[in-house]
file start.cif (mmCIF, C-alpha atoms)
data_my_file
loop_
_atom_site.group_PDB
_atom_site.id
_atom_site.type_symbol
_atom_site.label_atom_id
_atom_site.label_comp_id
_atom_site.auth_asym_id
_atom_site.auth_seq_id
_atom_site.Cartn_x
_atom_site.Cartn_y
_atom_site.Cartn_z
ATOM 1 C CA MET F 90 -23.875 -17.163 74.294
ATOM 2 C CA PRO F 91 -24.148 -19.809 71.544
ATOM 3 C CA LYS F 92 -21.026 -21.580 70.333
ATOM 4 C CA ASN F 93 -19.651 -20.817 66.900
ATOM 5 C CA THR F 94 -20.700 -23.168 64.164
ATOM 6 C CA ALA F 95 -18.111 -25.065 62.189
ATOM 7 C CA ARG F 96 -18.642 -22.669 59.271
ATOM 8 C CA GLN F 97 -18.088 -19.620 61.516
ATOM 9 C CA ASN F 98 -14.905 -21.166 62.912
ATOM 10 C CA GLN F 99 -13.684 -21.861 59.400
ATOM 11 C CA LYS F 100 -14.346 -18.248 58.381
ATOM 12 C CA GLN F 101 -12.473 -16.988 61.464
ATOM 13 C CA GLN F 102 -9.483 -19.179 60.645
ATOM 14 C CA LEU F 103 -9.445 -17.958 57.040
ATOM 15 C CA ARG F 104 -9.581 -14.310 58.170
ATOM 16 C CA ARG F 105 -6.749 -14.930 60.649
ATOM 17 C CA LYS F 106 -4.661 -16.706 58.012
ATOM 18 C CA LYS F 107 -5.197 -13.862 55.524
ATOM 19 C CA ARG F 108 -4.282 -11.249 58.147
ATOM 20 C CA LEU F 109 -1.074 -13.128 59.006
ATOM 21 C CA GLN F 110 -0.139 -13.507 55.332
ATOM 22 C CA GLN F 111 -0.527 -9.761 54.867
ATOM 23 C CA ASN F 112 1.493 -8.984 57.996
ATOM 24 C CA PRO F 113 3.859 -11.800 59.081
ATOM 25 C CA ALA F 114 5.230 -9.562 61.832
ATOM 26 C CA LEU F 115 2.102 -10.431 63.837
ATOM 27 C CA LEU F 116 3.670 -13.845 64.423
ATOM 28 C CA ALA F 117 6.847 -12.434 65.986
ATOM 29 C CA TYR F 118 7.753 -13.673 69.475
ATOM 30 C CA HIS F 119 9.659 -11.119 71.564
ATOM 31 C CA GLY F 120 10.426 -13.252 74.615
ATOM 32 C CA HIS F 121 13.483 -15.350 75.476
ATOM 33 C CA LYS F 122 11.904 -18.797 75.788
ATOM 34 C CA TYR F 123 13.544 -20.056 72.580
ATOM 35 C CA GLN F 124 16.944 -18.489 73.250
ATOM 36 C CA THR F 125 18.163 -21.281 75.490
ATOM 37 C CA GLU F 126 21.350 -23.308 75.321
ATOM 38 C CA ALA F 127 19.394 -26.365 74.158
ATOM 39 C CA LEU F 128 17.933 -24.447 71.202
ATOM 40 C CA THR F 129 21.019 -22.434 70.257
ATOM 41 C CA MET F 130 22.089 -24.817 67.498
ATOM 42 C CA PRO F 131 18.627 -25.218 65.896
ATOM 43 C CA LEU F 132 18.256 -21.410 65.939
ATOM 44 C CA MET F 133 21.701 -20.943 64.435
ATOM 45 C CA HIS F 134 21.033 -23.498 61.701
ATOM 46 C CA ALA F 135 17.743 -21.799 60.819
ATOM 47 C CA GLU F 136 19.596 -18.500 60.509
ATOM 48 C CA MET F 137 22.298 -20.196 58.453
ATOM 49 C CA GLY F 138 19.564 -21.474 56.124
ATOM 50 C CA ILE F 139 18.335 -17.913 55.647
ATOM 51 C CA LEU F 140 21.857 -16.708 54.886
ATOM 52 C CA GLU F 141 22.446 -19.632 52.502
ATOM 53 C CA ALA F 142 19.317 -18.637 50.568
ATOM 54 C CA ASP F 143 20.490 -15.032 50.479
ATOM 55 C CA VAL F 144 23.914 -16.024 49.137
ATOM 56 C CA ALA F 145 22.347 -18.390 46.580
ATOM 57 C CA SER F 146 20.115 -15.553 45.354
ATOM 58 C CA GLN F 147 23.179 -13.316 44.984
ATOM 59 C CA ARG F 148 22.078 -11.191 47.946
ATOM 60 C CA ARG F 149 18.833 -10.174 46.268
ATOM 61 C CA LEU F 150 16.531 -11.195 49.126
ATOM 62 C CA THR F 151 14.785 -8.626 51.278
ATOM 63 C CA ASP F 152 13.752 -8.769 54.914
ATOM 64 C CA ARG F 153 10.104 -8.724 53.810
ATOM 65 C CA GLU F 154 10.624 -11.841 51.669
ATOM 66 C CA VAL F 155 12.279 -13.580 54.610
ATOM 67 C CA GLN F 156 9.304 -12.644 56.818
ATOM 68 C CA ARG F 157 6.816 -14.052 54.307
ATOM 69 C CA LYS F 158 8.700 -17.320 53.904
ATOM 70 C CA LEU F 159 9.107 -17.765 57.666
ATOM 71 C CA ALA F 160 5.366 -17.200 58.099
ATOM 72 C CA GLN F 161 4.752 -19.797 55.388
ATOM 73 C CA LEU F 162 7.085 -22.278 57.106
ATOM 74 C CA ILE F 163 5.348 -21.676 60.447
ATOM 75 C CA GLU F 164 2.013 -22.431 58.793
ATOM 76 C CA MET F 165 3.452 -25.629 57.265
ATOM 77 C CA LEU F 166 4.750 -26.744 60.663
ATOM 78 C CA ARG F 167 1.384 -26.086 62.289
ATOM 79 C CA HIS F 168 -0.189 -28.524 59.854
ATOM 80 C CA GLY F 169 2.196 -31.339 60.691
ATOM 81 C CA PRO F 170 5.778 -32.547 60.394
ATOM 82 C CA LEU F 171 7.747 -31.437 57.375
ATOM 83 C CA GLU F 172 8.512 -33.867 54.592
ATOM 84 C CA HIS F 173 12.079 -35.118 54.517
ATOM 85 C CA ARG F 174 14.300 -33.722 51.796
ATOM 86 C CA ASN F 175 16.968 -35.299 49.648
ATOM 87 C CA PHE F 176 20.193 -33.529 50.625
ATOM 88 C CA ASP F 177 21.896 -34.412 47.342
ATOM 89 C CA GLU F 178 19.400 -32.636 45.086
ATOM 90 C CA PRO F 179 21.087 -29.823 43.183
ATOM 91 C CA VAL F 180 19.859 -26.328 43.957
ATOM 92 C CA GLY F 181 19.059 -24.106 41.019
ATOM 93 C CA VAL F 182 18.188 -20.470 41.494
ATOM 94 C CA THR F 183 16.325 -18.563 38.850
ATOM 95 C CA GLN F 184 15.226 -14.962 38.970
ATOM 96 C CA GLY F 185 12.687 -14.435 41.757
ATOM 97 C CA GLN F 186 13.067 -17.882 43.351
ATOM 98 C CA GLY F 187 15.617 -17.009 46.022
ATOM 99 C CA ALA F 188 12.949 -16.606 48.690
ATOM 100 C CA ASP F 189 11.721 -20.156 48.051
ATOM 101 C CA LEU F 190 15.165 -21.391 49.062
ATOM 102 C CA ILE F 191 14.676 -20.065 52.592
ATOM 103 C CA VAL F 192 12.216 -22.843 53.425
ATOM 104 C CA ARG F 193 14.347 -25.422 51.657
ATOM 105 C CA PHE F 194 17.607 -24.524 53.395
ATOM 106 C CA ILE F 195 16.104 -24.186 56.874
ATOM 107 C CA THR F 196 14.300 -27.524 56.657
ATOM 108 C CA THR F 197 17.318 -29.230 55.086
ATOM 109 C CA ASN F 198 19.621 -27.881 57.796
ATOM 110 C CA TRP F 199 17.294 -29.044 60.550
ATOM 111 C CA GLN F 200 16.737 -32.487 59.026
ATOM 112 C CA HIS F 201 20.422 -33.009 58.305
ATOM 113 C CA ARG F 202 21.689 -31.882 61.712
ATOM 114 C CA PHE F 203 18.799 -33.040 63.903
ATOM 115 C CA PRO F 204 17.490 -36.160 62.117
ATOM 116 C CA ASP F 205 15.580 -37.647 65.043
ATOM 117 C CA ASP F 206 13.894 -34.286 65.804
ATOM 118 C CA ALA F 207 13.689 -35.336 69.462
ATOM 119 C CA ASN F 208 15.611 -32.348 70.806
ATOM 120 C CA VAL F 209 14.008 -29.732 68.609
ATOM 121 C CA GLY F 210 10.344 -30.652 68.186
ATOM 122 C CA ARG F 211 7.756 -28.898 66.081
ATOM 123 C CA ASP F 212 6.647 -26.436 68.770
ATOM 124 C CA ASN F 213 10.240 -25.340 69.346
ATOM 125 C CA GLN F 214 10.811 -25.009 65.588
ATOM 126 C CA ILE F 215 7.797 -22.693 65.384
ATOM 127 C CA GLY F 216 9.061 -20.721 68.394
ATOM 128 C CA ILE F 217 12.511 -20.396 66.827
ATOM 129 C CA LEU F 218 11.021 -19.057 63.596
ATOM 130 C CA ARG F 219 8.845 -16.602 65.520
ATOM 131 C CA THR F 220 11.930 -15.439 67.429
ATOM 132 C CA ILE F 221 13.682 -14.806 64.097
ATOM 133 C CA LEU F 222 10.654 -12.757 62.989
ATOM 134 C CA ALA F 223 11.142 -10.569 66.077
ATOM 135 C CA SER F 224 14.815 -10.162 65.157
ATOM 136 C CA ILE F 225 13.810 -9.035 61.665
ATOM 137 C CA GLU F 226 11.582 -6.371 63.227
ATOM 138 C CA LYS F 227 14.415 -5.237 65.488
ATOM 139 C CA HIS F 228 16.983 -4.917 62.671
ATOM 140 C CA ARG F 229 14.744 -3.382 60.022
ATOM 141 C CA SER F 230 16.327 -0.675 57.865
ATOM 142 C CA SER F 231 15.372 1.610 55.015
ATOM 143 C CA ASN F 232 17.256 -0.458 52.433
ATOM 144 C CA GLY F 233 15.050 -3.515 53.134
ATOM 145 C CA ARG F 234 18.025 -5.684 54.123
ATOM 146 C CA GLY F 235 18.775 -4.611 57.689
ATOM 147 C CA TYR F 236 18.196 -8.055 59.189
ATOM 148 C CA LEU F 237 20.037 -9.866 56.385
ATOM 149 C CA ASN F 238 23.062 -7.556 56.761
ATOM 150 C CA PHE F 239 22.972 -8.006 60.546
ATOM 151 C CA LEU F 240 22.714 -11.788 60.154
ATOM 152 C CA ASP F 241 25.679 -11.930 57.792
ATOM 153 C CA GLY F 242 27.851 -9.979 60.232
ATOM 154 C CA PHE F 243 26.626 -11.919 63.253
ATOM 155 C CA LEU F 244 27.345 -15.315 61.686
ATOM 156 C CA ARG F 245 30.739 -14.124 60.420
ATOM 157 C CA LYS F 246 31.662 -13.218 64.003
ATOM 158 C CA ALA F 247 30.587 -16.738 64.989
ATOM 159 C CA GLY F 248 32.999 -18.139 62.385
ATOM 160 C CA VAL F 249 30.414 -19.122 59.765
ATOM 161 C CA ARG F 250 31.362 -18.469 56.145
ATOM 162 C CA ILE F 251 28.914 -19.272 53.387
ATOM 163 C CA SER F 252 30.103 -19.233 49.800
ATOM 164 C CA THR F 253 29.025 -20.447 46.396
ATOM 165 C CA THR F 254 30.848 -22.020 43.521
ATOM 166 C CA GLU F 255 29.619 -21.210 40.038
ATOM 167 C CA GLY F 256 26.479 -23.275 39.481
ATOM 168 C CA GLN F 257 26.619 -24.842 42.939
ATOM 169 C CA PRO F 258 24.488 -24.243 46.034
ATOM 170 C CA PRO F 259 25.962 -22.392 49.008
ATOM 171 C CA SER F 260 28.362 -24.504 51.025
ATOM 172 C CA LEU F 261 28.910 -24.559 54.740
ATOM 173 C CA PRO F 262 31.707 -25.971 56.795
ATOM 174 C CA ARG F 263 30.300 -29.327 57.923
#
call {"tool": "encode", "arguments": {"input": "start.cif", "output": "structure tokens"}}
result
Amino acid sequence: MPKNTARQNQKQQLRRKKRLQQNPALLAYHGHKYQTEALTMPLMHAEMGILEADVASQRRLTDREVQRKLAQLIEMLRHGPLEHRNFDEPVGVTQGQGADLIVRFITTNWQHRFPDDANVGRDNQIGILRTILASIEKHRSSNGRGYLNFLDGFLRKAGVRISTTEGQPPSLPR
């Protein structure tokens, strides 16, 4: 059987990418490999980033938007390390931009709390995000916010409170 040409491989990759964009749930990882003690904090900080974005958007995000942004972040990570962010930049949220904050808050949390990236690593970051996608599938509800409501309650039980001040980004206990 002849090998695929470069053009055929490129077409296959584009079809795969389009399929994943249409259905981010295909990326979900249902195992326990990324639910280890060593990855508990990076997972928690990714989830906190999602909740921060939800609070900043005045709880207007949906599970589907979270899925799309996680799939986008996974794709970004597959292409290389993420660019470092300025933690002091003000966060402004306008109508419809809350989902964009998901990527910003997750990457900012990871870069701020794990600056050397040695313990987390890109492959583990991707695995963590895929594990969150599986959690979204598990907690889906008819109102479109099943995972986000679950996440809020789960993090509250863990002692995490995220709040906003008028005109300010969400704040976390540091």
call {"tool": "resolve_selection", "arguments": {"input": "start.cif", "expression": "the PyMOL selection byres ((chain F and resi 235) around 12)", "output": "PyMOL selection string"}}
result
chain F and resi 150-153+155+224-234+236-242
call {"tool": "resolve_selection", "arguments": {"input": "start.cif", "expression": "the PyMOL selection byres ((chain F and resi 218) around 9)", "output": "number ranges by chain"}}
result
F: 117-118, 132, 135, 159-160, 162-163, 213-217, 219-223
call {"tool": "write_last_selection", "arguments": {"input": "start.cif", "atoms": "C-alpha atoms", "output": "PDB file, in the coordinates of the input"}}
result
ATOM      1  CA  ALA F 117       6.847 -12.434  65.986  1.00  0.00           C
ATOM      2  CA  TYR F 118       7.753 -13.673  69.475  1.00  0.00           C
ATOM      3  CA  LEU F 132      18.256 -21.410  65.939  1.00  0.00           C
ATOM      4  CA  ALA F 135      17.743 -21.799  60.819  1.00  0.00           C
ATOM      5  CA  LEU F 159       9.107 -17.765  57.666  1.00  0.00           C
ATOM      6  CA  ALA F 160       5.366 -17.200  58.099  1.00  0.00           C
ATOM      7  CA  LEU F 162       7.085 -22.278  57.106  1.00  0.00           C
ATOM      8  CA  ILE F 163       5.348 -21.676  60.447  1.00  0.00           C
ATOM      9  CA  ASN F 213      10.240 -25.340  69.346  1.00  0.00           C
ATOM     10  CA  GLN F 214      10.811 -25.009  65.588  1.00  0.00           C
ATOM     11  CA  ILE F 215       7.797 -22.693  65.384  1.00  0.00           C
ATOM     12  CA  GLY F 216       9.061 -20.721  68.394  1.00  0.00           C
ATOM     13  CA  ILE F 217      12.511 -20.396  66.827  1.00  0.00           C
ATOM     14  CA  ARG F 219       8.845 -16.602  65.520  1.00  0.00           C
ATOM     15  CA  THR F 220      11.930 -15.439  67.429  1.00  0.00           C
ATOM     16  CA  ILE F 221      13.682 -14.806  64.097  1.00  0.00           C
ATOM     17  CA  LEU F 222      10.654 -12.757  62.989  1.00  0.00           C
ATOM     18  CA  ALA F 223      11.142 -10.569  66.077  1.00  0.00           C
TER      19      ALA F 223
END
call {"tool": "atom_distance", "arguments": {"input": "start.cif", "atom1": "atom CA of Gly248 of chain F", "atom2": "atom CA of Asp212 of chain F"}}
result
28.4 Å
call {"tool": "atom_distance", "arguments": {"input": "start.cif", "atom1": "atom CA of Arg211 of chain F", "atom2": "atom CA of Leu171 of chain F"}}
result
9.1 Å
call {"tool": "closest_residue", "arguments": {"input": "start.cif", "among": "F:His121, F:Asp189, F:Pro131, F:Gln200", "to": "Gln156 of chain F", "atoms": "all atoms listed in the file"}}
result
F:Asp189
call {"tool": "atom_distance", "arguments": {"input": "start.cif", "atom1": "atom CA of Leu244 of chain F", "atom2": "atom CA of Glu164 of chain F"}}
result
26.5 Å
call {"tool": "closest_residue", "arguments": {"input": "start.cif", "among": "F:Val192, F:Ala127, F:Leu103, F:Ile139", "to": "Leu166 of chain F", "atoms": "all atoms listed in the file"}}
result
F:Val192
